[in-house]
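What's in start-v6.cif: mmCIF, C-alpha atoms
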data_target
loop_
_atom_site.label_atom_id
_atom_site.label_comp_id
_atom_site.auth_asym_id
_atom_site.auth_seq_id
_atom_site.Cartn_x
_atom_site.Cartn_y
_atom_site.Cartn_z
CA MET D 46 101.30 -110.75 38.29
CA LYS D 47 98.06 -109.07 37.36
CA CYS D 48 95.35 -111.71 37.73
CA LEU D 49 91.62 -111.63 37.06
CA GLY D 50 89.03 -113.49 39.12
CA LEU D 51 85.44 -114.41 38.24
CA MET D 52 82.88 -115.53 40.80
CA ALA D 53 79.18 -116.44 40.80
CA GLY D 54 77.60 -117.36 44.11
CA THR D 55 74.83 -119.57 45.45
CA SER D 56 72.28 -116.77 45.07
CA MET D 57 72.77 -117.04 41.28
CA ASP D 58 72.23 -113.31 40.81
CA GLY D 59 75.19 -112.53 38.59
CA VAL D 60 78.95 -112.42 38.11
CA ASP D 61 81.60 -110.57 40.11
CA CYS D 62 84.93 -109.78 38.46
CA ALA D 63 88.09 -108.42 40.05
CA ILE D 64 91.57 -107.64 38.79
CA VAL D 65 94.34 -107.80 41.35
CA ASP D 66 98.08 -107.35 41.48
CA VAL D 67 99.62 -110.23 43.43
CA ARG D 68 103.18 -110.21 44.74
CA PRO D 69 105.03 -112.47 47.16
CA GLY D 70 105.58 -110.99 50.61
CA ARG D 71 107.65 -112.09 53.58
CA SER D 72 104.97 -114.29 55.17
CA THR D 73 101.82 -113.49 53.17
CA LEU D 74 100.99 -112.50 49.62
CA ARG D 75 100.57 -108.81 48.88
CA ILE D 76 97.23 -108.41 47.09
CA THR D 77 96.11 -105.09 45.60
CA LEU D 78 92.70 -104.61 44.00
CA LEU D 79 92.96 -102.78 40.66
CA ALA D 80 89.40 -103.01 39.34
CA HIS D 81 86.05 -104.57 40.17
CA ARG D 82 82.81 -105.04 38.26
CA THR D 83 79.50 -106.80 38.94
CA ARG D 84 77.09 -107.82 36.22
CA PRO D 85 73.66 -109.32 36.97
CA TYR D 86 72.66 -112.30 34.88
CA PRO D 87 70.14 -111.48 32.15
CA PRO D 88 66.77 -112.40 33.75
CA ALA D 89 66.00 -115.11 31.20
CA LEU D 90 69.40 -116.75 31.76
CA ARG D 91 69.04 -116.66 35.54
CA GLU D 92 65.65 -118.33 35.27
CA GLN D 93 67.13 -121.05 33.06
CA ILE D 94 69.90 -121.68 35.59
CA LEU D 95 67.37 -121.89 38.44
CA SER D 96 65.19 -124.20 36.33
CA LEU D 97 68.22 -126.40 35.77
CA LEU D 98 68.22 -127.21 39.49
CA ARG D 99 64.59 -128.36 39.35
CA THR D 100 64.17 -130.10 36.02
CA GLY D 101 67.58 -130.08 34.40
CA THR D 102 68.45 -132.21 31.37
CA VAL D 103 71.86 -133.09 29.96
CA GLU D 104 71.07 -130.85 27.00
CA ALA D 105 70.29 -127.89 29.30
CA VAL D 106 73.47 -128.40 31.33
CA CYS D 107 75.54 -128.52 28.15
CA ARG D 108 74.04 -125.36 26.65
CA LEU D 109 74.13 -123.36 29.88
CA HIS D 110 77.76 -124.39 30.45
CA VAL D 111 78.63 -122.49 27.26
CA ALA D 112 76.17 -119.62 27.80
CA VAL D 113 77.49 -118.89 31.30
CA GLY D 114 81.03 -119.02 29.90
CA GLU D 115 80.06 -116.33 27.37
CA VAL D 116 78.69 -114.10 30.15
CA PHE D 117 81.83 -114.60 32.25
CA ALA D 118 84.04 -113.72 29.28
CA ARG D 119 82.10 -110.52 28.54
CA VAL D 120 82.39 -109.39 32.17
CA ALA D 121 86.12 -110.14 32.11
CA ASN D 122 86.71 -108.16 28.90
CA ARG D 123 84.72 -105.17 30.15
CA THR D 124 86.58 -105.14 33.46
CA VAL D 125 89.94 -105.21 31.66
CA ARG D 126 88.86 -102.21 29.54
CA GLN D 127 87.50 -100.43 32.63
CA ALA D 128 90.93 -100.78 34.25
CA LYS D 129 92.54 -99.34 31.08
CA LEU D 130 94.48 -102.56 30.61
CA SER D 131 94.81 -105.02 27.74
CA ALA D 132 94.59 -108.80 27.66
CA GLN D 133 98.38 -108.92 27.45
CA ASP D 134 98.57 -107.26 30.88
CA ILE D 135 96.62 -110.08 32.56
CA ALA D 136 98.66 -113.18 33.31
CA VAL D 137 95.80 -115.52 34.20
CA ILE D 138 92.06 -115.70 34.86
CA GLY D 139 90.65 -117.72 37.76
CA SER D 140 86.99 -118.63 37.20
CA HIS D 141 84.96 -120.25 39.93
CA GLY D 142 82.01 -120.76 37.57
CA GLN D 143 78.38 -121.13 38.62
CA THR D 144 77.69 -123.99 41.00
CA VAL D 145 74.69 -126.07 39.94
CA TRP D 146 75.42 -129.05 42.19
CA HIS D 147 77.51 -129.45 45.32
CA GLY D 148 77.46 -132.92 46.88
CA PRO D 149 80.36 -133.12 49.37
CA GLN D 150 78.82 -135.98 51.34
CA ARG D 151 79.99 -139.40 50.21
CA VAL D 152 77.51 -141.52 48.25
CA SER D 153 77.97 -145.08 47.05
CA MET D 154 78.00 -145.76 43.30
CA ARG D 155 77.60 -149.38 42.26
CA GLY D 156 80.77 -150.70 40.67
CA VAL D 157 82.75 -147.59 41.63
CA GLY D 158 82.55 -147.15 45.39
CA SER D 159 81.89 -144.01 47.40
CA ILE D 160 82.34 -140.62 45.74
CA ARG D 161 81.90 -136.88 46.33
CA SER D 162 80.89 -134.49 43.55
CA SER D 163 80.49 -130.82 42.68
CA LEU D 164 79.70 -129.17 39.36
CA GLN D 165 80.36 -125.59 38.27
CA ILE D 166 79.31 -124.49 34.79
CA GLY D 167 80.89 -121.69 32.73
CA ASP D 168 83.09 -123.21 30.02
CA PRO D 169 86.73 -122.12 30.57
CA SER D 170 87.49 -122.78 26.90
CA VAL D 171 84.98 -120.08 25.97
CA ILE D 172 86.51 -117.69 28.51
CA ALA D 173 90.06 -118.36 27.30
CA GLU D 174 89.08 -117.98 23.65
CA ARG D 175 87.02 -114.80 24.05
CA THR D 176 89.60 -113.08 26.25
CA GLY D 177 92.80 -114.62 24.89
CA ILE D 178 93.93 -115.16 28.50
CA THR D 179 94.96 -118.45 30.11
CA THR D 180 92.07 -119.55 32.34
CA VAL D 181 92.07 -121.72 35.45
CA ALA D 182 88.71 -123.26 36.42
CA ASP D 183 87.17 -126.30 38.14
CA PHE D 184 88.94 -125.46 41.41
CA ARG D 185 86.88 -127.75 43.64
CA ALA D 186 87.38 -131.02 41.76
CA ARG D 187 90.99 -131.74 42.78
CA ASP D 188 90.24 -131.27 46.49
CA LEU D 189 87.23 -133.59 46.14
CA ALA D 190 89.41 -136.16 44.37
CA VAL D 191 91.77 -136.28 47.34
CA GLY D 192 88.96 -136.82 49.84
CA GLY D 193 88.00 -133.23 50.66
CA GLU D 194 84.69 -131.41 50.39
CA GLY D 195 85.96 -129.06 47.70
CA ALA D 196 84.98 -126.13 49.93
CA PRO D 197 85.50 -123.67 51.38
CA LEU D 198 88.47 -122.44 49.32
CA THR D 199 88.47 -118.71 50.06
CA PRO D 200 89.94 -119.09 53.60
CA TYR D 201 93.37 -119.42 51.95
CA VAL D 202 92.96 -115.86 50.70
CA HIS D 203 91.28 -114.64 53.90
CA TYR D 204 94.52 -115.54 55.66
CA HIS D 205 96.69 -113.57 53.24
CA VAL D 206 94.42 -110.51 53.43
CA PHE D 207 93.35 -110.41 57.09
CA GLN D 208 95.86 -112.28 59.24
CA SER D 209 96.94 -110.08 62.17
CA ARG D 210 99.62 -110.35 64.82
CA ARG D 211 97.52 -108.38 67.32
CA LYS D 212 93.87 -109.34 66.72
CA SER D 213 91.87 -112.53 66.45
CA ARG D 214 89.43 -112.16 63.56
CA LEU D 215 86.30 -113.95 62.40
CA ILE D 216 85.59 -113.38 58.71
CA VAL D 217 81.87 -113.91 58.03
CA ASN D 218 80.61 -114.19 54.47
CA LEU D 219 76.88 -113.42 54.34
CA GLY D 220 76.24 -114.71 50.84
CA GLY D 221 73.68 -117.22 49.63
CA ILE D 222 75.31 -119.52 52.19
CA ALA D 223 76.94 -118.13 55.33
CA ASN D 224 80.49 -119.28 56.04
CA VAL D 225 83.15 -118.35 58.56
CA THR D 226 86.94 -118.17 58.69
CA TRP D 227 88.65 -117.81 62.06
CA LEU D 228 92.13 -116.29 62.06
CA PRO D 229 93.68 -116.52 65.56
CA ARG D 230 95.94 -113.69 66.65
CA GLY D 231 99.48 -114.27 65.40
CA GLY D 232 98.52 -117.63 63.87
CA GLY D 233 99.89 -119.26 60.76
CA LEU D 234 98.12 -120.75 57.78
CA GLN D 235 97.91 -124.08 59.62
CA ASP D 236 95.84 -122.41 62.37
CA VAL D 237 93.01 -121.28 60.09
CA VAL D 238 89.57 -122.71 60.93
CA ALA D 239 86.82 -122.38 58.33
CA PHE D 240 83.58 -123.99 57.18
CA ASP D 241 80.08 -123.31 55.88
CA VAL D 242 77.63 -122.36 58.63
CA GLY D 243 74.27 -122.68 56.86
CA PRO D 244 71.76 -120.74 54.73
CA CYS D 245 71.82 -116.96 54.54
CA ASN D 246 70.48 -114.88 51.64
CA LEU D 247 69.36 -118.09 49.98
CA LEU D 248 66.75 -118.43 52.75
CA LEU D 249 65.82 -114.74 53.08
CA ASP D 250 65.47 -114.17 49.34
CA GLY D 251 63.46 -117.36 48.94
CA LEU D 252 61.02 -116.42 51.70
CA LEU D 253 60.45 -112.98 50.15
CA ALA D 254 60.08 -114.32 46.61
CA HIS D 255 57.40 -116.79 47.69
CA ALA D 256 55.52 -114.22 49.79
CA THR D 257 55.40 -111.74 46.88
CA HIS D 258 54.77 -114.39 44.19
CA GLY D 259 58.08 -113.57 42.56
CA GLN D 260 57.54 -109.80 42.43
CA GLN D 261 60.39 -109.22 44.89
CA SER D 262 63.45 -111.36 45.49
CA ILE D 263 65.58 -109.06 47.67
CA ASP D 264 64.66 -107.25 50.88
CA ARG D 265 66.33 -103.96 49.91
CA ASN D 266 68.56 -102.79 52.77
CA GLY D 267 66.72 -105.24 55.02
CA ALA D 268 63.83 -102.78 55.38
CA LEU D 269 61.19 -105.47 55.95
CA ALA D 270 63.34 -107.50 58.35
CA ALA D 271 64.18 -104.35 60.32
CA ARG D 272 60.46 -103.70 60.87
CA GLY D 273 59.81 -107.21 62.16
CA ARG D 274 60.41 -108.87 65.51
CA GLU D 275 62.21 -112.18 65.85
CA GLN D 276 60.01 -115.02 67.03
CA ASP D 277 61.67 -117.74 69.08
CA VAL D 278 59.38 -120.45 67.74
CA LEU D 279 60.69 -119.91 64.20
CA VAL D 280 64.31 -119.32 65.22
CA HIS D 281 64.33 -122.65 67.09
CA GLU D 282 62.80 -124.39 64.08
CA LEU D 283 65.46 -122.94 61.78
CA LEU D 284 68.20 -124.37 64.01
CA ARG D 285 66.79 -127.91 64.03
CA HIS D 286 68.31 -128.84 60.67
CA PRO D 287 70.91 -131.59 61.21
CA PHE D 288 73.58 -129.70 59.26
CA PHE D 289 74.06 -127.30 62.19
CA ALA D 290 75.05 -130.15 64.50
CA ARG D 291 77.49 -131.64 61.99
CA GLN D 292 81.14 -131.17 62.86
CA PRO D 293 83.57 -129.58 60.36
CA PRO D 294 84.89 -130.09 57.77
CA LYS D 295 81.54 -129.24 56.24
CA SER D 296 80.11 -127.35 53.29
CA THR D 297 76.62 -127.00 51.89
CA GLY D 298 74.42 -125.35 49.27
CA ARG D 299 71.00 -125.40 47.66
CA GLU D 300 70.93 -129.19 47.87
CA GLU D 301 70.27 -128.96 51.63
CA PHE D 302 68.90 -125.45 52.03
CA GLY D 303 67.04 -124.83 48.79
CA GLU D 304 63.37 -125.03 47.94
CA ARG D 305 62.44 -127.84 50.33
CA TYR D 306 63.95 -126.08 53.34
CA ILE D 307 62.42 -122.72 52.39
CA GLN D 308 58.97 -124.30 52.06
CA HIS D 309 59.37 -125.94 55.46
CA VAL D 310 60.18 -122.58 57.06
CA ARG D 311 57.18 -121.00 55.33
CA ARG D 312 54.85 -123.69 56.67
CA VAL D 313 56.09 -123.16 60.23
CA ALA D 314 55.67 -119.39 59.93
CA ALA D 315 52.15 -119.82 58.56
CA ARG D 316 51.22 -122.26 61.34
CA HIS D 317 52.08 -119.58 63.90
CA ASN D 318 50.48 -116.73 61.89
CA LEU D 319 53.77 -114.84 61.53
CA SER D 320 53.88 -111.78 59.31
CA LEU D 321 56.41 -111.54 56.49
CA GLU D 322 58.33 -108.95 58.52
CA ASP D 323 58.52 -111.21 61.58
CA THR D 324 59.45 -114.20 59.41
CA LEU D 325 62.36 -112.31 57.85
CA ALA D 326 63.46 -110.88 61.21
CA SER D 327 63.44 -114.41 62.64
CA GLY D 328 65.44 -115.64 59.67
CA CYS D 329 68.05 -112.94 60.29
CA ALA D 330 68.18 -113.82 64.00
CA GLY D 331 68.59 -117.52 63.22
CA ILE D 332 71.39 -116.88 60.73
CA ALA D 333 73.27 -114.67 63.20
CA ARG D 334 72.87 -117.24 65.95
CA THR D 335 74.23 -120.05 63.79
CA VAL D 336 77.30 -117.90 63.10
CA ARG D 337 77.92 -117.18 66.80
CA GLU D 338 77.26 -120.74 67.93
CA SER D 339 79.38 -122.27 65.18
CA GLY D 340 82.55 -122.09 67.32
CA SER D 341 83.82 -121.27 70.80
CA TRP D 342 86.80 -119.22 69.64
CA ALA D 343 87.90 -115.88 71.06
CA VAL D 344 87.14 -113.03 68.67
CA ASP D 345 88.44 -109.45 68.74
CA GLU D 346 86.84 -108.44 65.43
CA VAL D 347 84.03 -109.81 63.30
CA ILE D 348 84.48 -108.71 59.68
CA ALA D 349 81.36 -109.26 57.56
CA ALA D 350 81.08 -109.35 53.78
CA GLY D 351 78.63 -110.51 51.14
CA GLY D 352 75.22 -109.21 50.14
CA GLY D 353 73.89 -109.70 53.67
CA VAL D 354 75.98 -106.78 54.91
CA ARG D 355 73.49 -104.43 53.23
CA ASN D 356 70.61 -106.05 55.17
CA ARG D 357 70.03 -103.90 58.27
CA GLY D 358 68.09 -106.68 59.97
CA LEU D 359 70.83 -109.24 59.42
CA LEU D 360 73.75 -107.01 60.33
CA GLY D 361 71.83 -105.82 63.40
CA ALA D 362 71.26 -109.42 64.48
CA LEU D 363 74.96 -110.17 64.07
CA LYS D 364 75.84 -107.16 66.23
CA ARG D 365 73.44 -108.32 68.95
CA GLU D 366 75.13 -111.72 68.97
CA PHE D 367 78.75 -110.50 69.11
CA GLY D 368 78.41 -106.95 70.43
CA PRO D 369 78.12 -103.83 68.25
CA ASP D 370 81.71 -102.72 68.82
CA ARG D 371 83.16 -105.97 67.46
CA VAL D 372 81.26 -106.18 64.17
CA MET D 373 82.28 -104.23 61.08
CA SER D 374 81.80 -104.53 57.35
CA MET D 375 84.71 -105.58 55.18
CA ASP D 376 84.68 -102.14 53.60
CA GLN D 377 85.16 -100.63 57.07
CA ALA D 378 88.13 -102.97 57.48
CA GLY D 379 89.69 -101.48 54.33
CA VAL D 380 88.86 -104.22 51.80
CA ASN D 381 86.19 -104.09 49.09
CA GLY D 382 83.67 -106.63 50.37
CA LYS D 383 81.86 -106.92 47.04
CA ALA D 384 85.10 -107.81 45.28
CA LEU D 385 86.69 -110.19 47.77
CA GLU D 386 85.44 -113.55 46.47
CA ALA D 387 86.36 -112.67 42.88
CA MET D 388 89.73 -111.50 44.21
CA ALA D 389 90.10 -114.87 45.92
CA PHE D 390 89.82 -116.84 42.69
CA ALA D 391 92.30 -114.54 41.00
CA VAL D 392 94.75 -115.35 43.79
CA LEU D 393 93.98 -119.08 43.64
CA ALA D 394 94.70 -119.03 39.89
CA TYR D 395 97.98 -117.26 40.63
CA GLU D 396 98.96 -120.12 42.94
CA THR D 397 97.83 -122.73 40.41
CA VAL D 398 100.09 -121.49 37.64
CA ARG D 399 102.98 -121.29 40.13
CA GLY D 400 102.32 -124.90 41.14
CA VAL D 401 101.50 -123.98 44.74
CA PRO D 402 98.85 -126.04 46.62
CA ALA D 403 96.12 -123.70 47.88
CA ASN D 404 93.59 -126.01 49.50
CA LEU D 405 93.74 -126.27 53.29
CA PRO D 406 93.30 -129.98 54.09
CA TRP D 407 92.40 -129.29 57.73
CA VAL D 408 89.57 -127.06 56.44
CA THR D 409 88.21 -129.17 53.56
CA GLY D 410 89.01 -132.62 54.97
CA ALA D 411 91.33 -133.48 52.07
CA LYS D 412 94.05 -136.09 52.64
CA SER D 413 96.79 -133.79 51.37
CA PRO D 414 97.54 -130.36 49.88
CA VAL D 415 96.98 -130.20 46.11
CA VAL D 416 97.34 -127.72 43.28
CA LEU D 417 93.79 -126.65 42.40
CA GLY D 418 92.05 -126.28 39.08
CA THR D 419 92.51 -127.17 35.44
CA VAL D 420 94.37 -124.84 33.06
CA THR D 421 93.06 -123.82 29.64
CA PRO D 422 95.78 -121.99 27.70
CA GLY D 423 95.07 -118.58 26.21
CA ARG D 424 96.17 -117.35 22.82
CA THR D 425 99.50 -116.07 24.12
CA PRO D 426 102.04 -118.00 26.19
CA LEU D 427 101.71 -117.71 29.95
CA ALA D 428 104.66 -115.70 31.29
CA PHE D 429 105.20 -114.79 34.92
CA LYS D 430 107.86 -114.33 37.53
CA THR D 431 108.15 -116.80 40.38
#
Can you present the structure in this file as structure tokens?
Amino acid sequence: MKCLGLMAGTSMDGVDCAIVDVRPGRSTLRITLLAHRTRPYPPALREQILSLLRTGTVEAVCRLHVAVGEVFARVANRTVRQAKLSAQDIAVIGSHGQTVWHGPQRVSMRGVGSIRSSLQIGDPSVIAERTGITTVADFRARDLAVGGEGAPLTPYVHYHVFQSRRKSRLIVNLGGIANVTWLPRGGGLQDVVAFDVGPCNLLLDGLLAHATHGQQSIDRNGALAARGREQDVLVHELLRHPFFARQPPKSTGREEFGERYIQHVRRVAARHNLSLEDTLASGCAGIARTVRESGSWAVDEVIAAGGGVRNRGLLGALKREFGPDRVMSMDQAGVNGKALEAMAFAVLAYETVRGVPANLPWVTGAKSPVVLGTVTPGRTPLAFKT
């Protein structure tokens, strides 16, 4: 099957789209990337999404749900044309949507009991109608319903792409949130260990945006961080957040590491008269340390992906923690790192329409394996080979 995946991350900077060919293999799926495209959100739309987190109304959620769906659909259609394919060539779309709330910790609701919740906007009906392709979305909800955290979900695909008989691998995603997937040498799907580690670009971008009064939101190539020196006083403060001591299964997002956490880090840096460069360097050092200290597993290779790979300060800190010979980018490992998460949701949609459970209960904390997502039919019947 040719499947299309759509992904928007915690950084809320835009949409990644990937088209893959997925075929059953002997022990793992065979996944081939056919096309990839990234489109930044229009600045006004990104600001509205960010504002939604601060002062959101039901009306704003409703309108942005449709607006984000329109953007996702346009990216999908352009990627199909870029690949010189037609809608009829694509069996299914898997859309992660844009997370605006992720609350995996149980809370008590009067008259209902304890619940977990997560919300991704980007109306799948809009995507299915604009593309004509059957669309699977709302992947996290079913895992949450069966007692899981609804995240992380990409480790299922990490296994199929990176499992090795000879090497133990740690897959590190340096996105808005950092997360890890450990694949022991010669292990099976049941041996995968994965969880969110803590803040990554969400913290670094936030610190820079505040320091420049919104004029800059990305430390291009990590130039500022690379000029700074890590300061133990700030690194230690970064690691004091209780999330780091929490045992997996665990996942997180802006709810724990958003504006309040960023402001706290800024106050500590100001109290010790740290420059912006030293603050960013310390942030990179703290992120890398949380990754290394997140587990005691043996690692032959550390394969890093996400926007943080382009940050020299962050990648350098990761190499100091694990050793420079062990750390490589996903591109160096032979996989397009920018495309991987979008590829993952294409593969998850493939499993959904085949009726195959793709959550890993030992990773998310769910009580059982479940088929993920809800299916919105396209304009033509879904046809595929099992």
task: Carefully work through the PyMOL selection byres ((chain D and resi 145) around 6) for this structure and note down the residues it includes, as a ChimeraX atom specification.
output: /D:144,146,164-165
- request: Give the answer as one residue: which of D:Ser296, D:Gln308, D:Thr324, D:Asn122 has the shortest atom-to-atom distance to Gln150 in chain D, using all atoms listed in the file?
  value: D:Ser296
- request: For the structure shown, which residues end up in the PyMOL selection byres ((chain D and resi 49-51) around 10)? Put them as a ChimeraX atom specification, please?
  value: /D:46-48,52-53,60-66,78-83,117-118,120-121,124-125,135-143,178,180-182,384-395
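Put simply, the PyMOL selection byres ((chain D and resi 363) around 9) in this file takes in Cys329, Ala330, Ile332, Ala333, Arg334, Val336, Arg337, Gly358, Leu359, Leu360, Gly361, Ala362, Lys364, Arg365, Glu366, Phe367, Gly368, Pro369 and Val372 of chain D.
CA of Arg75 in chain D is found 24.8 Å from CA of Arg123 in chain D.
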query: What is the CA of Ile160 in chain D-CA of Gly101 in chain D distance in Å, reported with one decimal?
result: 21.4 Å
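Among the candidates D:Thr226, D:Asn356, D:Ser209, D:Thr55, the one nearest to Ala270 in chain D when counting only C-alpha atoms is D:Asn356.
Our summary of the geometry notes that CA of Ala326 in chain D is positioned 11.3 Å from CA of Leu252 in chain D.
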Please return as an mmCIF file with C-alpha atoms, in the frame of the given file every residue within 10 Å of (94.0, -131.1, 52.6), taking into account all atoms listed in the file and the file's own coordinates.
data_model
loop_
_atom_site.group_PDB
_atom_site.id
_atom_site.type_symbol
_atom_site.label_atom_id
_atom_site.label_comp_id
_atom_site.auth_asym_id
_atom_site.auth_seq_id
_atom_site.Cartn_x
_atom_site.Cartn_y
_atom_site.Cartn_z
ATOM 1 C CA ASP D 188 90.240 -131.270 46.490
ATOM 2 C CA LEU D 189 87.230 -133.590 46.140
ATOM 3 C CA VAL D 191 91.770 -136.280 47.340
ATOM 4 C CA GLY D 192 88.960 -136.820 49.840
ATOM 5 C CA GLY D 193 88.000 -133.230 50.660
ATOM 6 C CA GLU D 194 84.690 -131.410 50.390
ATOM 7 C CA GLY D 195 85.960 -129.060 47.700
ATOM 8 C CA PRO D 402 98.850 -126.040 46.620
ATOM 9 C CA ALA D 403 96.120 -123.700 47.880
ATOM 10 C CA ASN D 404 93.590 -126.010 49.500
ATOM 11 C CA LEU D 405 93.740 -126.270 53.290
ATOM 12 C CA PRO D 406 93.300 -129.980 54.090
ATOM 13 C CA TRP D 407 92.400 -129.290 57.730
ATOM 14 C CA VAL D 408 89.570 -127.060 56.440
ATOM 15 C CA THR D 409 88.210 -129.170 53.560
ATOM 16 C CA GLY D 410 89.010 -132.620 54.970
ATOM 17 C CA ALA D 411 91.330 -133.480 52.070
ATOM 18 C CA LYS D 412 94.050 -136.090 52.640
ATOM 19 C CA SER D 413 96.790 -133.790 51.370
ATOM 20 C CA PRO D 414 97.540 -130.360 49.880
ATOM 21 C CA VAL D 415 96.980 -130.200 46.110
#
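Of the residues listed (D:Lys295, D:Arg151, D:Arg119, D:Arg316), D:Arg119 shows the shortest atom-to-atom separation from Val171 in chain D; distances use all atoms listed in the file.
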- request: Tell me which protein, DNA and RNA residues are within 8 Å of Gly231 in chain D, counting only C-alpha atoms, leaving out same-chain ones fewer than 4 positions away, and put them as a PyMOL selection string.
  value: chain D and resi 208-213
field: Shell around Pro88 in chain D at 12 Å using all atoms listed in the file, local window under 5 positions removed, as a VMD selection string
entry: chain D and resid 57 to 59 93 to 95
